[in-house]
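Colleague: Input structure: start.txt, which contains compact mmCIF, C-alpha atoms and all ligand atoms.
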```
# COMPACT_ATOMS: atom_id res chain seq x y z
CA MET E 3 -9.99 0.99 21.84
CA SER E 4 -10.89 4.20 23.68
CA ASP E 5 -14.07 4.28 25.73
CA ALA E 6 -17.04 6.37 24.74
CA ARG E 7 -16.83 8.89 27.60
CA LEU E 8 -16.80 12.54 26.76
CA ASN E 9 -13.34 13.87 25.92
CA TYR E 10 -12.82 17.31 27.46
CA LEU E 11 -10.15 18.13 24.86
CA GLY E 12 -12.99 19.14 22.53
CA TYR E 13 -14.77 21.37 25.08
CA THR E 14 -14.97 25.04 24.09
CA LYS E 15 -14.96 27.83 26.67
CA ALA E 16 -18.74 28.23 26.32
CA GLU E 17 -19.25 24.50 26.87
CA TRP E 18 -17.10 24.59 30.00
CA GLU E 19 -19.03 27.57 31.32
CA ALA E 20 -22.35 25.78 30.76
CA LEU E 21 -21.10 22.61 32.47
CA LEU E 22 -19.68 24.52 35.43
CA THR E 23 -22.92 26.46 35.87
CA GLU E 24 -24.85 23.20 35.77
CA LEU E 25 -22.60 21.87 38.53
CA GLY E 26 -23.24 24.97 40.64
CA GLU E 27 -19.72 26.36 40.09
CA LYS E 28 -18.53 29.77 38.94
CA PRO E 29 -18.27 29.87 35.13
CA TRP E 30 -14.91 31.68 35.26
CA ARG E 31 -13.33 28.46 36.44
CA ALA E 32 -13.48 27.46 32.76
CA GLY E 33 -10.27 29.46 32.30
CA GLN E 34 -8.46 27.65 35.10
CA ILE E 35 -9.41 24.23 33.80
CA MET E 36 -8.65 24.98 30.16
CA LYS E 37 -5.18 26.23 31.07
CA TRP E 38 -4.44 23.00 32.95
CA ILE E 39 -5.53 20.97 29.96
CA HIS E 40 -4.16 22.93 27.00
CA HIS E 41 -1.22 24.89 28.46
CA ARG E 42 0.11 22.47 31.03
CA TYR E 43 -0.99 19.27 29.29
CA MET E 44 -2.63 17.77 32.38
CA ASP E 45 -4.32 14.48 31.57
CA GLY E 46 -5.93 13.96 34.98
CA PHE E 47 -7.81 16.09 37.47
CA THR E 48 -5.83 15.37 40.62
CA GLU E 49 -3.14 17.85 39.56
CA MET E 50 -5.67 20.70 39.24
CA THR E 51 -4.91 22.06 42.68
CA ASP E 52 -6.81 25.33 42.32
CA ILE E 53 -10.22 23.68 42.01
CA SER E 54 -12.10 21.85 44.73
CA ARG E 55 -11.83 18.14 45.25
CA LYS E 56 -15.58 17.79 44.78
CA LEU E 57 -15.44 19.43 41.36
CA ARG E 58 -12.45 17.35 40.32
CA GLU E 59 -14.39 14.21 41.21
CA GLN E 60 -17.49 15.36 39.38
CA LEU E 61 -15.46 16.09 36.24
CA ALA E 62 -13.68 12.75 36.38
CA GLU E 63 -17.01 10.95 36.65
CA ARG E 64 -18.37 12.55 33.49
CA GLY E 65 -15.42 12.42 31.15
CA HIS E 66 -11.68 12.43 30.63
CA VAL E 67 -8.84 14.25 28.90
CA ARG E 68 -7.34 11.96 26.33
CA ASP E 69 -4.99 12.49 23.39
CA PRO E 70 -5.53 10.29 20.36
CA GLU E 71 -3.28 7.24 20.68
CA ILE E 72 -0.09 7.53 18.62
CA ILE E 73 0.37 4.43 16.49
CA THR E 74 3.56 5.54 14.74
CA GLU E 75 5.69 8.67 14.47
CA ARG E 76 8.01 9.08 11.50
CA VAL E 77 10.55 11.81 10.81
CA SER E 78 11.55 12.71 7.26
CA VAL E 79 15.09 13.63 6.19
CA ASP E 80 13.77 17.19 5.74
CA GLY E 81 12.43 17.39 9.32
CA THR E 82 8.79 16.80 8.39
CA ARG E 83 7.11 14.62 11.01
CA LYS E 84 4.12 12.39 10.46
CA TRP E 85 1.98 10.75 13.10
CA LEU E 86 -0.45 7.93 12.52
CA MET E 87 -3.09 8.17 15.26
CA ARG E 88 -6.06 6.05 16.30
CA SER E 89 -9.57 7.49 16.32
CA ALA E 90 -12.42 6.46 18.60
CA SER E 91 -13.92 4.64 15.61
CA GLY E 92 -10.88 2.32 15.59
CA SER E 93 -9.56 3.55 12.24
CA ALA E 94 -6.35 5.51 11.91
CA PHE E 95 -5.69 9.00 10.58
CA GLU E 96 -2.63 11.12 9.91
CA THR E 97 -1.22 14.44 11.08
CA VAL E 98 1.83 16.11 9.54
CA PHE E 99 4.19 18.78 10.93
CA ILE E 100 6.10 20.79 8.33
CA PRO E 101 8.95 22.91 9.69
CA GLU E 102 10.12 25.95 7.72
CA ASP E 103 12.65 28.67 8.52
CA THR E 104 10.23 31.09 10.12
CA ARG E 105 7.22 28.94 10.96
CA GLY E 106 5.97 25.45 11.61
CA THR E 107 2.74 24.27 10.02
CA LEU E 108 0.61 21.46 11.37
CA CYS E 109 -1.59 19.76 8.79
CA VAL E 110 -4.56 18.35 10.66
CA SER E 111 -7.15 15.74 9.59
CA SER E 112 -10.89 16.26 10.08
CA GLN E 113 -12.23 12.88 8.94
CA VAL E 114 -10.96 9.35 8.42
CA GLY E 115 -11.12 9.02 4.64
CA CYS E 116 -13.29 11.33 2.52
CA ALA E 117 -16.55 10.88 0.62
CA LEU E 118 -15.87 13.44 -2.08
CA ASP E 119 -13.69 11.33 -4.34
CA CYS E 120 -11.56 13.95 -6.08
CA SER E 121 -9.83 12.10 -8.88
CA PHE E 122 -6.25 13.03 -7.88
CA CYS E 123 -6.46 12.47 -4.09
CA SER E 124 -5.50 9.24 -2.36
CA THR E 125 -7.63 10.06 0.71
CA GLY E 126 -10.65 10.34 -1.60
CA LYS E 127 -9.78 7.05 -3.28
CA GLN E 128 -10.13 5.17 -0.01
CA GLY E 129 -13.69 6.41 0.64
CA PHE E 130 -15.25 7.73 3.81
CA ASN E 131 -14.94 6.01 7.16
CA SER E 132 -15.83 8.39 10.00
CA ASN E 133 -15.86 11.92 11.34
CA LEU E 134 -13.20 12.83 13.89
CA LEU E 135 -14.54 14.21 17.17
CA ALA E 136 -13.66 17.76 18.24
CA GLY E 137 -11.31 16.32 20.89
CA GLU E 138 -9.54 14.25 18.25
CA ILE E 139 -9.00 17.30 16.04
CA VAL E 140 -7.68 19.42 18.94
CA GLY E 141 -5.81 16.34 20.15
CA GLN E 142 -3.67 16.35 17.00
CA LEU E 143 -2.37 19.81 17.92
CA ARG E 144 -1.87 18.86 21.55
CA VAL E 145 0.07 15.72 20.62
CA ALA E 146 2.23 17.62 18.13
CA ARG E 147 3.00 20.43 20.59
CA ARG E 148 3.92 17.98 23.33
CA ARG E 149 6.10 15.83 21.10
CA LEU E 150 7.90 18.83 19.56
CA GLU E 151 8.58 20.30 23.01
CA GLU E 152 10.10 16.97 24.05
CA ALA E 153 12.15 16.62 20.86
CA TYR E 154 13.30 20.28 20.80
CA PRO E 155 13.51 21.59 24.38
CA ASP E 156 15.02 24.82 22.99
CA ARG E 157 11.71 25.33 21.12
CA THR E 158 13.44 25.69 17.74
CA ARG E 159 10.60 23.72 16.21
CA ALA E 160 7.05 24.66 17.18
CA VAL E 161 3.59 24.81 15.66
CA THR E 162 2.83 28.39 14.59
CA ASN E 163 0.18 27.63 11.93
CA VAL E 164 -2.58 25.06 11.59
CA VAL E 165 -4.14 24.03 8.27
CA LEU E 166 -7.11 21.68 7.99
CA MET E 167 -5.60 20.07 4.92
CA GLY E 168 -5.05 16.55 6.16
CA MET E 169 -7.52 13.75 5.56
CA GLY E 170 -11.16 14.63 5.00
CA GLU E 171 -13.46 17.48 4.06
CA PRO E 172 -13.69 19.78 7.10
CA LEU E 173 -17.04 21.31 6.17
CA LEU E 174 -18.72 17.90 6.12
CA ASN E 175 -17.77 17.56 9.82
CA PHE E 176 -18.83 21.10 10.57
CA ASP E 177 -19.63 21.23 14.30
CA ASN E 178 -16.58 19.26 15.40
CA VAL E 179 -14.28 21.32 13.16
CA ILE E 180 -15.70 24.62 14.37
CA ALA E 181 -15.36 23.65 18.04
CA ALA E 182 -11.78 22.52 17.44
CA VAL E 183 -10.84 25.68 15.53
CA GLU E 184 -12.32 27.80 18.32
CA ILE E 185 -10.18 26.04 20.93
CA MET E 186 -7.08 26.34 18.74
CA MET E 187 -7.62 30.11 18.43
CA ASP E 188 -8.68 30.73 22.06
CA ASP E 189 -5.95 32.10 24.35
CA LEU E 190 -7.15 29.62 26.95
CA GLY E 191 -6.55 26.92 24.35
CA TYR E 192 -3.63 27.26 21.94
CA GLY E 193 -3.80 30.99 21.17
CA ILE E 194 -3.08 30.68 17.43
CA SER E 195 -4.21 33.78 15.57
CA LYS E 196 -7.20 33.64 13.24
CA ARG E 197 -4.90 34.40 10.30
CA LYS E 198 -2.85 31.32 11.07
CA VAL E 199 -5.64 28.76 11.30
CA THR E 200 -6.86 27.81 7.83
CA ILE E 201 -9.87 25.71 6.92
CA SER E 202 -9.49 24.15 3.46
CA THR E 203 -12.56 23.06 1.51
CA SER E 204 -13.17 21.47 -1.84
CA GLY E 205 -16.18 23.75 -2.20
CA VAL E 206 -19.04 22.76 0.09
CA VAL E 207 -20.98 25.97 -0.53
CA PRO E 208 -23.63 25.62 2.24
CA GLY E 209 -20.79 24.94 4.69
CA ILE E 210 -18.99 28.14 3.67
CA GLU E 211 -22.31 29.99 4.02
CA LYS E 212 -22.52 28.73 7.60
CA LEU E 213 -18.90 29.71 8.26
CA ILE E 214 -19.79 33.36 7.65
CA LYS E 215 -21.81 33.39 10.84
CA THR E 216 -19.55 31.08 12.82
CA THR E 217 -15.84 31.87 12.58
CA ASP E 218 -13.20 34.31 11.39
CA ALA E 219 -10.53 31.70 10.66
CA SER E 220 -8.74 31.84 7.30
CA LEU E 221 -10.24 29.99 4.36
CA ALA E 222 -8.65 28.07 1.48
CA ILE E 223 -10.54 26.59 -1.46
CA SER E 224 -9.39 23.72 -3.64
CA LEU E 225 -10.13 25.06 -7.09
CA HIS E 226 -7.82 23.03 -9.37
CA ALA E 227 -9.52 24.08 -12.61
CA PRO E 228 -10.50 27.38 -14.28
CA ASN E 229 -13.80 26.15 -15.75
CA ASP E 230 -16.71 23.94 -14.68
CA GLU E 231 -16.24 21.35 -17.39
CA LEU E 232 -12.73 20.48 -16.25
CA ARG E 233 -13.47 20.95 -12.54
CA ASN E 234 -16.39 18.51 -12.77
CA THR E 235 -13.91 15.79 -13.72
CA LEU E 236 -11.38 16.57 -10.97
CA VAL E 237 -13.55 17.71 -8.05
CA PRO E 238 -16.96 15.99 -8.44
CA ILE E 239 -18.70 18.19 -5.86
CA ASN E 240 -18.42 20.93 -8.48
CA LYS E 241 -21.40 19.36 -10.26
CA LYS E 242 -23.50 20.31 -7.25
CA TYR E 243 -21.83 23.64 -6.43
CA PRO E 244 -20.26 25.13 -9.57
CA ILE E 245 -17.42 27.64 -9.61
CA ALA E 246 -19.58 30.79 -9.79
CA GLN E 247 -21.48 29.82 -6.61
CA LEU E 248 -18.24 28.93 -4.87
CA LEU E 249 -16.51 32.21 -5.68
CA ASP E 250 -19.61 34.18 -4.72
CA VAL E 251 -19.90 32.70 -1.23
CA CYS E 252 -16.14 33.03 -0.68
CA THR E 253 -16.22 36.69 -1.68
CA ARG E 254 -18.88 37.25 0.95
CA TYR E 255 -16.83 35.32 3.52
CA ALA E 256 -13.77 37.47 2.84
CA ARG E 257 -15.79 40.68 2.84
CA ASN E 258 -17.34 39.76 6.16
CA LEU E 259 -13.86 39.30 7.68
CA GLY E 260 -12.82 42.75 6.50
CA GLU E 261 -9.26 43.85 7.28
CA LYS E 262 -8.05 43.03 3.78
CA ARG E 263 -8.29 39.29 4.41
CA THR E 264 -7.95 37.09 1.34
CA ILE E 265 -8.94 33.55 0.40
CA THR E 266 -6.21 31.09 -0.57
CA VAL E 267 -6.90 29.41 -3.90
CA GLU E 268 -5.25 25.99 -4.03
CA TYR E 269 -4.50 24.66 -7.49
CA THR E 270 -2.93 21.24 -7.86
CA LEU E 271 -1.02 21.15 -11.14
CA ILE E 272 -1.41 17.85 -13.00
CA ASP E 273 0.68 17.18 -16.08
CA GLY E 274 -1.27 17.69 -19.30
CA ILE E 275 -4.60 18.03 -17.47
CA ASN E 276 -4.88 21.53 -15.95
CA ASP E 277 -1.35 22.96 -16.31
CA GLN E 278 -1.45 24.39 -19.84
CA PRO E 279 -0.93 28.08 -20.73
CA GLU E 280 -4.63 28.41 -21.62
CA HIS E 281 -5.58 27.21 -18.14
CA ALA E 282 -3.39 29.89 -16.58
CA ALA E 283 -4.97 32.52 -18.84
CA GLN E 284 -8.50 31.37 -17.97
CA LEU E 285 -7.66 31.33 -14.29
CA ALA E 286 -6.31 34.87 -14.46
CA THR E 287 -9.61 36.02 -15.99
CA LEU E 288 -11.77 34.00 -13.62
CA LEU E 289 -10.16 35.40 -10.46
CA LYS E 290 -9.99 39.00 -11.68
CA ASP E 291 -12.22 40.44 -8.94
CA PHE E 292 -11.68 37.73 -6.37
CA PRO E 293 -9.75 38.69 -3.18
CA CYS E 294 -7.17 35.90 -3.21
CA LYS E 295 -3.67 34.54 -3.12
CA ILE E 296 -2.90 31.53 -5.29
CA ASN E 297 -1.04 28.48 -4.04
CA LEU E 298 0.13 26.04 -6.71
CA ILE E 299 0.68 22.45 -5.59
CA PRO E 300 2.58 20.21 -8.02
CA PHE E 301 0.67 16.91 -8.04
CA ASN E 302 2.02 14.29 -5.65
CA PRO E 303 1.79 10.87 -7.28
CA PHE E 304 0.48 7.78 -5.53
CA PRO E 305 0.10 4.23 -6.86
CA GLY E 306 -2.69 3.86 -9.39
CA SER E 307 -3.51 7.57 -9.66
CA GLY E 308 -2.96 7.64 -13.42
CA TYR E 309 -1.69 11.24 -13.20
CA LYS E 310 1.79 12.74 -13.40
CA ARG E 311 3.51 15.70 -11.79
CA PRO E 312 4.40 18.41 -14.31
CA HIS E 313 8.04 19.29 -14.97
CA ASN E 314 9.31 22.12 -12.80
CA ILE E 315 9.69 24.34 -15.84
CA ASN E 316 5.95 24.06 -16.54
CA VAL E 317 5.14 24.82 -12.92
CA ARG E 318 7.31 27.97 -13.12
CA GLY E 319 5.72 28.90 -16.44
CA PHE E 320 2.22 28.61 -14.96
CA GLN E 321 3.27 30.68 -11.97
CA ASP E 322 4.88 33.36 -14.15
CA ARG E 323 1.75 33.80 -16.23
CA LEU E 324 -0.32 34.45 -13.12
CA VAL E 325 2.29 36.72 -11.57
CA ARG E 326 2.37 38.76 -14.78
CA ALA E 327 -1.41 39.05 -14.52
CA GLY E 328 -0.93 40.65 -11.10
CA TYR E 329 -1.54 37.75 -8.69
CA SER E 330 0.41 36.81 -5.63
CA VAL E 331 1.38 33.18 -6.34
CA THR E 332 3.36 30.69 -4.28
CA VAL E 333 4.39 27.17 -5.23
CA ARG E 334 4.12 24.66 -2.42
CA THR E 335 7.34 22.73 -2.13
CA THR E 336 6.85 19.05 -1.63
CA ARG E 337 7.85 17.99 1.86
CA GLY E 338 8.14 14.67 3.64
CA GLU E 339 7.89 12.62 0.47
CA ASP E 340 10.11 9.86 1.87
CA ILE E 341 7.52 9.23 4.61
CA ASN E 342 4.45 9.68 2.34
CA ALA E 343 3.49 12.87 4.12
CA ALA E 344 2.97 15.12 1.09
CA CYS E 345 -0.42 16.63 0.14
CA GLY E 346 -2.80 14.01 -1.12
CA GLN E 347 -0.67 11.12 0.11
CA LEU E 348 -2.37 10.72 3.47
CA VAL E 349 -4.27 7.50 3.71
CA GLY E 350 -4.39 6.45 7.37
CA GLU E 351 -5.82 3.02 7.82
CA VAL E 352 -9.48 2.78 7.01
CA ALA E 353 -11.07 -0.27 8.54
CA ASP E 354 -14.38 -0.69 6.72
CA LYS E 355 -14.52 1.73 3.84
CA THR E 356 -16.85 0.03 1.39
CA ARG E 357 -19.71 -0.45 3.80
CA ARG E 358 -20.01 3.21 4.67
CA GLN E 359 -18.69 4.83 1.55
CA GLU E 360 -21.87 4.75 -0.50
CA LYS E 361 -24.08 6.01 2.29
CA TYR E 362 -21.85 8.99 3.02
CA LYS E 363 -21.33 9.78 -0.62
CA ARG E 364 -25.10 10.21 -0.85
CA ILE E 365 -25.14 12.42 2.23
CA ALA E 366 -22.24 14.50 0.93
CA THR E 367 -23.87 15.10 -2.42
CA GLY E 368 -27.29 15.69 -0.92
CA THR E 369 -28.96 12.64 -2.42
CA ALA E 370 -29.46 10.77 0.86
CA SER E 371 -33.03 9.87 1.61
N1 LIG E 401 -10.77 18.25 1.71
C1 LIG E 401 -10.13 19.49 1.79
C2 LIG E 401 -8.86 19.48 2.61
C3 LIG E 401 -7.93 18.31 2.45
S1 LIG E 401 -7.08 18.15 0.92
C4 LIG E 401 -9.87 20.05 0.40
O1 LIG E 401 -10.03 19.32 -0.57
O2 LIG E 401 -9.56 21.24 0.32
C5 LIG E 401 -5.78 19.36 1.05
C6 LIG E 401 -5.26 19.83 -0.30
O3 LIG E 401 -4.43 18.83 -0.94
C7 LIG E 401 -6.36 20.14 -1.27
O4 LIG E 401 -6.14 21.35 -1.97
C8 LIG E 401 -6.28 18.97 -2.20
O5 LIG E 401 -6.89 19.23 -3.42
C9 LIG E 401 -4.79 18.74 -2.30
N2 LIG E 401 -4.43 17.42 -2.85
C10 LIG E 401 -5.12 16.28 -2.75
N3 LIG E 401 -4.48 15.27 -3.37
C11 LIG E 401 -3.35 15.80 -3.88
C12 LIG E 401 -2.24 15.24 -4.61
N4 LIG E 401 -2.19 13.96 -4.93
N5 LIG E 401 -1.24 16.08 -4.96
C13 LIG E 401 -1.27 17.38 -4.61
N6 LIG E 401 -2.28 17.95 -3.91
C14 LIG E 401 -3.31 17.16 -3.54
FE1 LIG E 402 -11.66 14.84 0.00
FE2 LIG E 402 -10.11 17.05 -0.19
FE3 LIG E 402 -9.23 14.64 -1.09
FE4 LIG E 402 -11.20 15.91 -2.39
S1 LIG E 402 -9.07 16.63 -2.13
S2 LIG E 402 -11.16 13.72 -1.88
S3 LIG E 402 -12.32 16.84 -0.70
S4 LIG E 402 -9.69 15.19 1.04
```
Let me see the structure of the file written as structure tokens.
Ligand code: SAH
Ligand code: SF4

Modeller:
Amino acid sequence: MSDARLNYLGYTKAEWEALLTELGEKPWRAGQIMKWIHHRYMDGFTEMTDISRKLREQLAERGHVRDPEIITERVSVDGTRKWLMRSASGSAFETVFIPEDTRGTLCVSSQVGCALDCSFCSTGKQGFNSNLLAGEIVGQLRVARRRLEEAYPDRTRAVTNVVLMGMGEPLLNFDNVIAAVEIMMDDLGYGISKRKVTISTSGVVPGIEKLIKTTDASLAISLHAPNDELRNTLVPINKKYPIAQLLDVCTRYARNLGEKRTITVEYTLIDGINDQPEHAAQLATLLKDFPCKINLIPFNPFPGSGYKRPHNINVRGFQDRLVRAGYSVTVRTTRGEDINAACGQLVGEVADKTRRQEKYKRIATGTAS
């Protein structure tokens, strides 16, 4: 079990500058320290030879640099890699690396479990357990980078993109996610461009509203249905924030980014539920003025889900209809299925779900007292 001391992995540049000022040091030392931690993977302070011994001791007294503990690492036949890691809360969460020809995407978790209970998602089925700390979210990238550099010294496999599409709803762990995303995009951190760090949300409208003032990372929304009636049954948070509100706030987010940035619309295709020609037609009408790209995800089954993946021919048919309507549409190929690493298959190991689930469900849907 990790101790409760502050983990510097989650410290943004501004937080370092404030701490250094408080300690009577020059704020520009933030850059030196962050490079030791995020570029050179230093876990202790003794190696930080360009800062004074006194400062090193002061930092070591207040906190530490600690990666989440790796419980298991599995490698799929297709090169996908999945880590099960331990959070400070004692529960476990998952991180997945998906190599492709020209890029490598790391799928990062933001919470252990999820309170939002989408009907087709195994993370949702297990309920909410805990928020990950900023250091635990950044730690997933640090662990993956380190492990990939060890496994591929020629750097043929590396993380070029990060998506917050692992376990949890990122916008219900707002401050930790924002700090982590900032460090991932900072040159003193991991230097990943804002276009290549994507926050995915099921539609927490007030959270997206807050994002407008906070970040310029890319945004994906989990739409999954072209009308409120159907979406209410698949993504329950839609009852609180219906589609029109969601598209409105996303349009403002995209407009605020400028530079022809678009929102990614994720649409999980479930056999006989939301994959019919009329759904494609409705979707084409719904998104007519919305600045987006569409990403279709054939449903990944898990035990007890009660849903089926559509046949490939139906997936292609759905895609074709949208392409003919003028949309840019990709189909996400299923990766890492043999190690249960595909979208919606991440379950981690939740220790005490039932106790906390109800409380957080109320918080998430705004009915908490
Ligand atoms: N909570 C966030 C991010 C995590 S889910 C969100 O909902 O956007 C990442 C993506 O995987 C979402 O688009 C989600 O709807 C999708 N997904 C969940 N379960 C799935 C499943 N069984 N098959 C395919 N996609 C799934
Ligand atoms: Fe939570 Fe996203 Fe799964 Fe819905 S799809 S239950 S929001 S992780």

Colleague: Find the residues near ligand LIG 402 (chain E). Use a cut-off of 10 Å, count only C-alpha atoms and all ligand atoms, and write them as a count of residues only.

Modeller: 48

Colleague: Report, as AutoDock Vina command-line options, the axis-aligned box around all atoms of segment 312-320 of chain E present in the file, extended by 3 Å on each side; give centre and edge lengths in Å to one decimal place.

Modeller:
```
--center_x 6.0 --center_y 23.7 --center_z -14.7 --size_x 13.5 --size_y 16.5 --size_z 9.7
```

Colleague: Nearest residue to ligand LIG 401 (chain E) out of E:Asn302, E:Asn276, E:Asn316, E:Gln34, using all atoms listed in the file?

Modeller: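 That would be E:Asn302, the residue with the smallest distance to ligand LIG 401 (chain E).
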
Colleague: Smallest atom-to-atom distance to ligand LIG 401 (chain E): which of E:Ala160, E:Ala344, E:Leu248, E:Val67, using all atoms listed in the file?

Modeller: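 The closest residue to ligand LIG 401 (chain E) is E:Ala344.
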
Colleague: If I take atom CA of Glu96 of chain E and atom CA of Phe176 of chain E, how far is one from the other in Å, to one decimal?

Modeller: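 Between these atoms lies a distance of 19.0 Å.
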
Colleague: If we count all atoms listed in the file and set the cut-off at 9 Å, which residues sit around Arg144 of chain E, ignoring sequence neighbours fewer than 2 positions away in its own chain? Please answer as a ChimeraX atom specification.

Modeller: /E:11,40,43,69,140-142,146-149,192

Colleague: Pick out the closest residue to ligand LIG 401 (chain E) from this set: E:Ile265, E:Leu249, E:Ile185, E:Cys109. Count only C-alpha atoms and all ligand atoms.

Modeller: E:Cys109

Colleague: Identify which of the residues E:Ser132, E:Thr253, E:Thr200, E:Gln278 lies closest to ligand LIG 401 (chain E), counting only C-alpha atoms and all ligand atoms when measuring atom-to-atom distances.

Modeller: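 Smallest separation from ligand LIG 401 (chain E) among the options: E:Thr200.
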
Colleague: Which residue, E:Asp322, E:Glu268, E:Glu102, E:Glu280, has the smallest gap to ligand LIG 401 (chain E) when you use all atoms listed in the file?

Modeller: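 The shortest atom-to-atom distance to ligand LIG 401 (chain E) comes from E:Glu268.
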
Colleague: Considering all atoms listed in the file, state which residue in the set E:Arg334, E:Arg42, E:Arg55, E:Lys198 is at the smallest distance from Leu108 of chain E.

Modeller: E:Lys198

Colleague: Just give me the gap between atom CA of Pro155 of chain E and atom CA of Met87 of chain E in Å, one decimal is fine.

Modeller: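 Spanning atom CA of Pro155 of chain E to atom CA of Met87 of chain E is a straight-line distance of 23.2 Å.
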
Colleague: What lies within 12 Å of Thr287 of chain E using all atoms listed in the file, ignoring chain neighbours under 2 positions off, as JSON, numbers by chain?

Modeller: {"E": [228, 229, 280, 281, 282, 283, 284, 285, 289, 290, 291, 292, 323, 324, 327, 328, 329]}

Colleague: Got time to write the residues from that selection, C-alpha atoms, as an mmCIF file, keeping the file's coordinate frame?

Modeller:
```
data_model
loop_
_atom_site.group_PDB
_atom_site.id
_atom_site.type_symbol
_atom_site.label_atom_id
_atom_site.label_comp_id
_atom_site.auth_asym_id
_atom_site.auth_seq_id
_atom_site.Cartn_x
_atom_site.Cartn_y
_atom_site.Cartn_z
ATOM 1 C CA PRO E 228 -10.500 27.380 -14.280
ATOM 2 C CA ASN E 229 -13.800 26.150 -15.750
ATOM 3 C CA GLU E 280 -4.630 28.410 -21.620
ATOM 4 C CA HIS E 281 -5.580 27.210 -18.140
ATOM 5 C CA ALA E 282 -3.390 29.890 -16.580
ATOM 6 C CA ALA E 283 -4.970 32.520 -18.840
ATOM 7 C CA GLN E 284 -8.500 31.370 -17.970
ATOM 8 C CA LEU E 285 -7.660 31.330 -14.290
ATOM 9 C CA LEU E 289 -10.160 35.400 -10.460
ATOM 10 C CA LYS E 290 -9.990 39.000 -11.680
ATOM 11 C CA ASP E 291 -12.220 40.440 -8.940
ATOM 12 C CA PHE E 292 -11.680 37.730 -6.370
ATOM 13 C CA ARG E 323 1.750 33.800 -16.230
ATOM 14 C CA LEU E 324 -0.320 34.450 -13.120
ATOM 15 C CA ALA E 327 -1.410 39.050 -14.520
ATOM 16 C CA GLY E 328 -0.930 40.650 -11.100
ATOM 17 C CA TYR E 329 -1.540 37.750 -8.690
#
```

Colleague: With only C-alpha atoms counted, which protein, DNA or RNA residues have an atom no more than 12 Å from (11.2, 23.3, -10.8) in the file frame? Please answer as a ChimeraX atom specification.

Modeller: /E:299-300,311-321,333-336

Colleague: Around the point (-10.2, 11.7, 14.0), in the coordinates given by the file, pick out the residues reaching within 6 Å, counting only C-alpha atoms, and return them as a list of chain:residue names.

Modeller: E:Ser89, E:Gln113, E:Leu134, E:Leu135, E:Glu138

Colleague: Grab the atom CA of Ile73 of chain E to atom CA of Phe304 of chain E distance for me, in Å with one decimal place.

Modeller: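 Taking atom CA of Ile73 of chain E as the start and atom CA of Phe304 of chain E as the end point, the length is 22.3 Å.
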